[in-house]
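Enquirer: A single structure is presented below for examination.
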Amino acid sequence: MKYRRSIWVFIALLCLLLGSKWRFQWFDDPYSHIVLSANQELLGASIASDGQWRFPSDGSTEHKYLACLIAFEDNAFLGHNGVYIPSIVRAMHQNLTENRIVSGGSTITMQLARMARKNPPRTWWEKCIEMIMAWQIEQSYSKEEIVSMYAAHAPFGGNVVGLEAAAWRYYGRPSAQLSWAECATLAALPNAPSLIYPGKSQTRLIAKRNFILQKLNAQGVLSPQELEQSLTEVIPQKPSPLPQFAPHLLDYLIQKYPDQKRFQTTIDPDLQKNASRILSQHMVTHQANMIHNCAAMIVDVKTGQVLMYHGNTPGLGQQHQGMVDIIHAPRSTGSILKPILYAAMLQEGAILPETLIDDIPIQFNGFAPKNYFETYDGLVPASNALSRSLNIPAVVMLQQYGYPRFMYLLQRLGLHHINRPADDYGLSIILGGAESSLWDITRLYAGMGRVLHTNAQSPGSEPIDNYARQSVLPTAYSDELTVYRPLNAAAVWCTYQALMKVNRPDSELGWQGYDSAVPIAWKTGTSFGNRDAWAVGSTAEFVISVWIGNADGTGRPGLTGVQTAAPILFDLFKLLDHKEVLTMPQNELKLTEICAQSGMRKGENCIDSHWQWIPFAGMHTNACDYHKLLFIDPNTGLQVNSNCFPPHQMIAQTHFEVPPVQAYYYKSKHPDYLSAPPMHPLCAGESSLLGIIYPRRASTIYLSKGLNGQIVPIVFQATHQSPDQKLFWHLDNQYMGETHTIHQMEFMPTEGWHTIAILDEQGHRDEVQFEAKRMD
């Protein structure tokens, strides 16, 4: 009864299959994840979950392999409907004659059906099932689709499954680039993959390959010359390791798109390989200094396509956290955000490119930034401060701009790791107090370059995706950012002009002398404690970014952007073919006369000036107020005014006047600077002849203990324009002493708020309030 029921079930199933055109999911095997370059070259792959190298099919099959497969397995493939009766009859006759299985008579479609059933034992019953399944497959799929499924699931020896995996494992290139002999070899492998594969039974494999080639020659597919050449090709000895040129990119894509198996990317394979060589060469030196990790990207400015992606030191493996993808890891930004602040202030007309910015010792609520070399210029042009990456001018500018506004701007520009309350960062955000990833920093700089490109192509246009467009996939762009031009072309242009003046590494000295030299707007960054070194560079066509350090955050001496990241940056730029130059956005700039000394718009008292292109917003800035018209007593050379001196005897002189504290440092960098003459003793009124350098107004100073456990005195410092003047010091209205020429005095204030005051012999006064605290 049970046997009869099975017969009826089989008949019903047979009728259902033969009469249907359902496209069944015949295979549910797990696939490898593969990442391909822009030209379909394999960059890397991960093994499937069942331990097999089984690549996902792209739906096509190389024509050479198809011809070899048909010649070897199924001459009538293009004409039958899944079952070829003459082959079945021939196989039955051979098997009965030999009293053993000599031939199966299976078509390619029947072999595909057998693969779908996981290659069960060969029986007449199984043969019948394969014939039924083959018929149904032929009803539902085209011949091209059938061959594609066969090629994707055929066994090729060992744990290699599928034509593409076999082509890469045995020949190191895609199936589309295989020769006739190589395709014939692979066509013969699925026939007996456990017995014949490269490295085993070479004689039998060569015989089968040659049989296929001779058959193709007999059919007129191969010429005699092609046959002769093909027969001389050697057989591979063993599987080769698969390429691993982008392991971190593959991991990133798997994590981002877990259901996708095949990743066609925008990566340039030659750039990827050459960049790997450059990174490896540099890291040999740095690893001697116990610096182990680096990451780098190259992005096409116009399209946002990522052309090179190295998430960590090539070949590092699992040592020193070599598997970590640094590109998407948040790291301290160092000075890499300074150009953004400069551009933002240019855009709103808060500064001009050469506006003088304070560069003196400062302190804000206990935050006391210092320049890298701990020197001060007194006043420095904003563009010069940026190109030299001076810290104090950057903090002064941020205080003026407002760190909450700056944080909001950075978030709009896509730096999504900056997500804490603004007060958590404070002014330190401009010096590395915030974190961002190499991915976001690269996208930001590429967005700035794209603003210039867009303006050059269509002046005045404002696409919302300039700062959002970046992807390793050709059709996938980030949709998380729709920014309405946060930095305009004029601001970006002026910023790039400043960044092109950054001194290049020693290896690049004299670069201007070469006709092929390309101007590069570039910036470095170094985090506190020498934990992170950055370098980002932009041309009209490309942005390159480099990070170097230790993934675990360990700092090392010499780990700076200039010393470690910049040389890599410029070596990577040498790999690129530069055809375009940056175009000035003249539609957003105004040619303006600028004071040569102050960098402000020319005032009525300015002597030297030059013409400069500035953003339109800069036209609303003040005219120069550093140049003042002074009236001098011709006999004494002292300043006078109409209250104390006959006007007709006064001589008018134009003088560039810097405030006293700034002048103290300014004249050390500018020996030609002359302080304004002192006021005549008979003339009333105050003048800004003196100033307290340290402590700064409303600052906090910390009382520390020496080795003996006693509070260490703090040295206060002041300046006076007249070097012969005496200064009289008062602390909280109590006279403390006097200084002459060198105006420094030691104090040991108690905890709390105090007022320090200085007076000169003419009664000119300056005072500062400060807070003293004990260090715990």
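How things are named: the first chain in the structure tokens is A, the next is B, and so on; residues count from 1 in each chain; ligands count from 1 in the order shown.
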Env of Leu438 of chain A: 12 Å cut, atoms = only C-alpha atoms, seq-sep filter 3 positions within chain, self excluded. Answer as a ChimeraX atom specification.

Expert: /A:294-299,309-312,325-333,336,414-417,435,441-446,525,532-536,543-548

Enquirer: In segment 339-564 of chain A, what's helix (DSSP H, G or I) per DSSP? Answer as a VMD selection string?

Expert: chain A and resid 339 to 347 382 to 387 391 to 401 403 to 412 422 to 431 438 to 457 489 to 499 506 to 508 511 to 513 561 to 564

Enquirer: So which residues touch segment 56-65 of chain A within 9 Å, counting only C-alpha atoms, skipping near sequence neighbours fewer than 6 positions away, as an MDAnalysis selection string?

Expert: chainID A and resid 31:34 144:145 147:149 151:152 162:164 175:180 182:184 186:187 261:262

Enquirer: Compile the contact shell of Ser383 of chain A as number ranges by chain: residues with an atom at most 6 Å away, counting only C-alpha atoms, same-chain residues fewer than 6 positions apart removed.

Expert: A: 353-354, 498

Enquirer: If we count only C-alpha atoms and set the cut-off at 10 Å, which residues sit around Pro681 of chain A, ignoring sequence neighbours fewer than 6 positions away in its own chain? Please answer as a PyMOL selection string.

Expert: chain A and resi 638-640+644+762

Enquirer: Counting only C-alpha atoms, what is within 10 Å of segment 362-365 of chain A, bar same-chain residues fewer than 3 positions away, as a ChimeraX atom specification?

Expert: /A:358-359,368-370,392-393,395-396,399,426-427,693-701,771

Enquirer: Taking only C-alpha atoms into account, name the residue in A:Tyr372, A:Gly304, A:Leu42, A:Pro519 that is nearest to Leu431 of chain A.

Expert: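 Of all the options, A:Tyr372 lies closest to Leu431 of chain A.
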
Enquirer: Just the number, please: distance in Å from atom CA of Trp611 of chain A to atom CA of Asp672 of chain A, one decimal.

Expert: 23.5 Å

Enquirer: Compile the contact shell of Pro459 of chain A as an MDAnalysis selection string: residues with an atom at most 8 Å away, counting only C-alpha atoms, same-chain residues fewer than 3 positions apart removed.

Expert: chainID A and resid 454:456 585 587

Enquirer: Write the selection just made, keeping all heavy atoms, as a PDB file, in the first residue's frame?

Expert:
ATOM      1  N   THR A 454      32.219  72.590  -9.389  1.00  0.00           N
ATOM      2  CA  THR A 454      30.849  72.904  -9.786  1.00  0.00           C
ATOM      3  C   THR A 454      30.729  74.350 -10.229  1.00  0.00           C
ATOM      4  O   THR A 454      30.081  74.662 -11.229  1.00  0.00           O
ATOM      5  CB  THR A 454      29.890  72.640  -8.614  1.00  0.00           C
ATOM      6  OG1 THR A 454      29.994  71.271  -8.216  1.00  0.00           O
ATOM      7  CG2 THR A 454      28.455  72.927  -9.013  1.00  0.00           C
ATOM      8  N   ASN A 455      31.374  75.248  -9.486  1.00  0.00           N
ATOM      9  CA  ASN A 455      31.310  76.663  -9.848  1.00  0.00           C
ATOM     10  C   ASN A 455      31.986  76.923 -11.191  1.00  0.00           C
ATOM     11  O   ASN A 455      31.532  77.748 -11.979  1.00  0.00           O
ATOM     12  CB  ASN A 455      31.963  77.513  -8.762  1.00  0.00           C
ATOM     13  CG  ASN A 455      31.794  78.997  -8.999  1.00  0.00           C
ATOM     14  OD1 ASN A 455      30.752  79.577  -8.684  1.00  0.00           O
ATOM     15  ND2 ASN A 455      32.814  79.624  -9.561  1.00  0.00           N
ATOM     16  N   ALA A 456      33.093  76.204 -11.461  1.00  0.00           N
ATOM     17  CA  ALA A 456      33.782  76.380 -12.737  1.00  0.00           C
ATOM     18  C   ALA A 456      32.914  75.907 -13.904  1.00  0.00           C
ATOM     19  O   ALA A 456      32.939  76.489 -14.985  1.00  0.00           O
ATOM     20  CB  ALA A 456      35.108  75.624 -12.717  1.00  0.00           C
ATOM     21  N   PRO A 585      37.089  81.176  -8.780  1.00  0.00           N
ATOM     22  CA  PRO A 585      35.668  81.538  -8.922  1.00  0.00           C
ATOM     23  C   PRO A 585      35.501  83.054  -8.980  1.00  0.00           C
ATOM     24  O   PRO A 585      35.006  83.684  -8.040  1.00  0.00           O
ATOM     25  CB  PRO A 585      35.036  80.939  -7.665  1.00  0.00           C
ATOM     26  CG  PRO A 585      36.123  80.997  -6.648  1.00  0.00           C
ATOM     27  CD  PRO A 585      37.409  80.771  -7.402  1.00  0.00           C
ATOM     28  N   ASN A 587      33.475  84.923 -10.274  1.00  0.00           N
ATOM     29  CA  ASN A 587      32.117  85.441 -10.107  1.00  0.00           C
ATOM     30  C   ASN A 587      31.754  85.663  -8.642  1.00  0.00           C
ATOM     31  O   ASN A 587      30.760  86.323  -8.335  1.00  0.00           O
ATOM     32  CB  ASN A 587      31.115  84.462 -10.718  1.00  0.00           C
ATOM     33  CG  ASN A 587      31.166  83.084 -10.071  1.00  0.00           C
ATOM     34  OD1 ASN A 587      32.215  82.437 -10.075  1.00  0.00           O
ATOM     35  ND2 ASN A 587      30.064  82.627  -9.515  1.00  0.00           N
TER      36      ASN A 587
END

Enquirer: Quick check for you: according to DSSP on this backbone, which residues of segment 287-378 of chain A are classed as strand (DSSP E)? Reply as a list in words.

Expert: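 These are the residues in question: Asn293, Cys294, Ala295, Ala296, Met297, Ile298, Val299, Asp300, Val306, Leu307, Met308, Tyr309, His310, Arg331, Ser332, Leu356, Ile357, Asp358, Asp359 and Gly378 of chain A.
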
Enquirer: So that I have them on file, write out the residues from the current selection with N, CA and C atoms, as a short mmCIF file (atom, residue, chain, number, x, y, z; two decimals), in the first residue's frame.

Expert:
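Produced file selection-v3.cif, reproduced below:
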data_model
loop_
_atom_site.label_atom_id
_atom_site.label_comp_id
_atom_site.auth_asym_id
_atom_site.auth_seq_id
_atom_site.Cartn_x
_atom_site.Cartn_y
_atom_site.Cartn_z
N ASN A 293 50.47 51.31 12.37
CA ASN A 293 49.25 51.35 11.58
C ASN A 293 49.18 52.59 10.70
N CYS A 294 48.63 52.42 9.52
CA CYS A 294 48.39 53.56 8.64
C CYS A 294 47.16 53.26 7.78
N ALA A 295 46.57 54.31 7.25
CA ALA A 295 45.41 54.18 6.37
C ALA A 295 45.45 55.32 5.36
N ALA A 296 44.86 55.09 4.19
CA ALA A 296 44.90 56.12 3.15
C ALA A 296 43.75 55.93 2.17
N MET A 297 43.33 57.04 1.57
CA MET A 297 42.27 57.03 0.56
C MET A 297 42.64 57.99 -0.58
N ILE A 298 42.15 57.68 -1.76
CA ILE A 298 42.19 58.60 -2.89
C ILE A 298 40.78 58.70 -3.45
N VAL A 299 40.30 59.93 -3.64
CA VAL A 299 38.92 60.16 -4.10
C VAL A 299 38.94 61.06 -5.32
N ASP A 300 38.10 60.74 -6.27
CA ASP A 300 37.89 61.59 -7.44
C ASP A 300 36.98 62.75 -7.03
N VAL A 306 35.60 56.64 -4.78
CA VAL A 306 36.83 56.27 -4.10
C VAL A 306 37.68 55.42 -5.04
N LEU A 307 38.88 55.88 -5.32
CA LEU A 307 39.77 55.20 -6.27
C LEU A 307 40.79 54.30 -5.58
N MET A 308 41.06 54.57 -4.32
CA MET A 308 42.00 53.74 -3.55
C MET A 308 41.55 53.73 -2.10
N TYR A 309 41.62 52.56 -1.49
CA TYR A 309 41.12 52.39 -0.12
C TYR A 309 42.02 51.39 0.60
N HIS A 310 42.82 51.89 1.52
CA HIS A 310 43.62 51.01 2.38
C HIS A 310 43.28 51.33 3.83
N ARG A 331 39.19 59.28 15.27
CA ARG A 331 40.50 59.61 15.83
C ARG A 331 40.57 61.12 16.08
N SER A 332 41.43 61.51 17.00
CA SER A 332 41.62 62.94 17.28
C SER A 332 42.09 63.65 16.01
N LEU A 356 45.28 90.51 10.29
CA LEU A 356 46.20 90.20 11.38
C LEU A 356 45.45 89.59 12.55
N ILE A 357 45.96 88.47 13.04
CA ILE A 357 45.37 87.74 14.17
C ILE A 357 46.36 87.72 15.32
N ASP A 358 45.86 87.87 16.54
CA ASP A 358 46.73 87.82 17.71
C ASP A 358 47.48 86.49 17.79
N ASP A 359 48.78 86.58 18.05
CA ASP A 359 49.60 85.40 18.32
C ASP A 359 50.46 85.72 19.54
N GLY A 378 53.21 87.76 17.84
CA GLY A 378 52.50 88.97 18.23
C GLY A 378 51.25 89.16 17.40
#

Enquirer: Taking only C-alpha atoms into account, which of A:Ser428, A:Thr583, A:Ser389, A:Thr355 comes nearest Gln597 of chain A?

Expert: A:Thr355

Enquirer: How many Å lie between atom CA of Gln219 of chain A and atom CA of Ala76 of chain A, rounded to one decimal?

Expert: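 We find that atom CA of Gln219 of chain A and atom CA of Ala76 of chain A lie 13.5 Å from each other.
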
Enquirer: Rank A:Ile756, A:Ile137, A:Met619, A:Ala71 by their smallest atom-to-atom distance to Gln214 of chain A, using only C-alpha atoms, and report the top residue only.

Expert: A:Ala71

Enquirer: Considering only C-alpha atoms, state which residue in the set A:Ile212, A:Gln136, A:Lys238, A:Glu73 is at the smallest distance from Pro190 of chain A.

Expert: A:Glu73

Enquirer: One number please: atom CA of Asp423 of chain A to atom CA of Tyr403 of chain A, in Å, one decimal.

Expert: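 Separation of atom CA of Asp423 of chain A and atom CA of Tyr403 of chain A: 8.3 Å.
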
Enquirer: Let me make sure I understand: among A:Leu213, A:Leu674, A:Leu629, A:Ala48, which one has the smallest atom-to-atom distance to Glu228 of chain A if we use only C-alpha atoms?

Expert: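 Nearest to Glu228 of chain A: A:Leu213.
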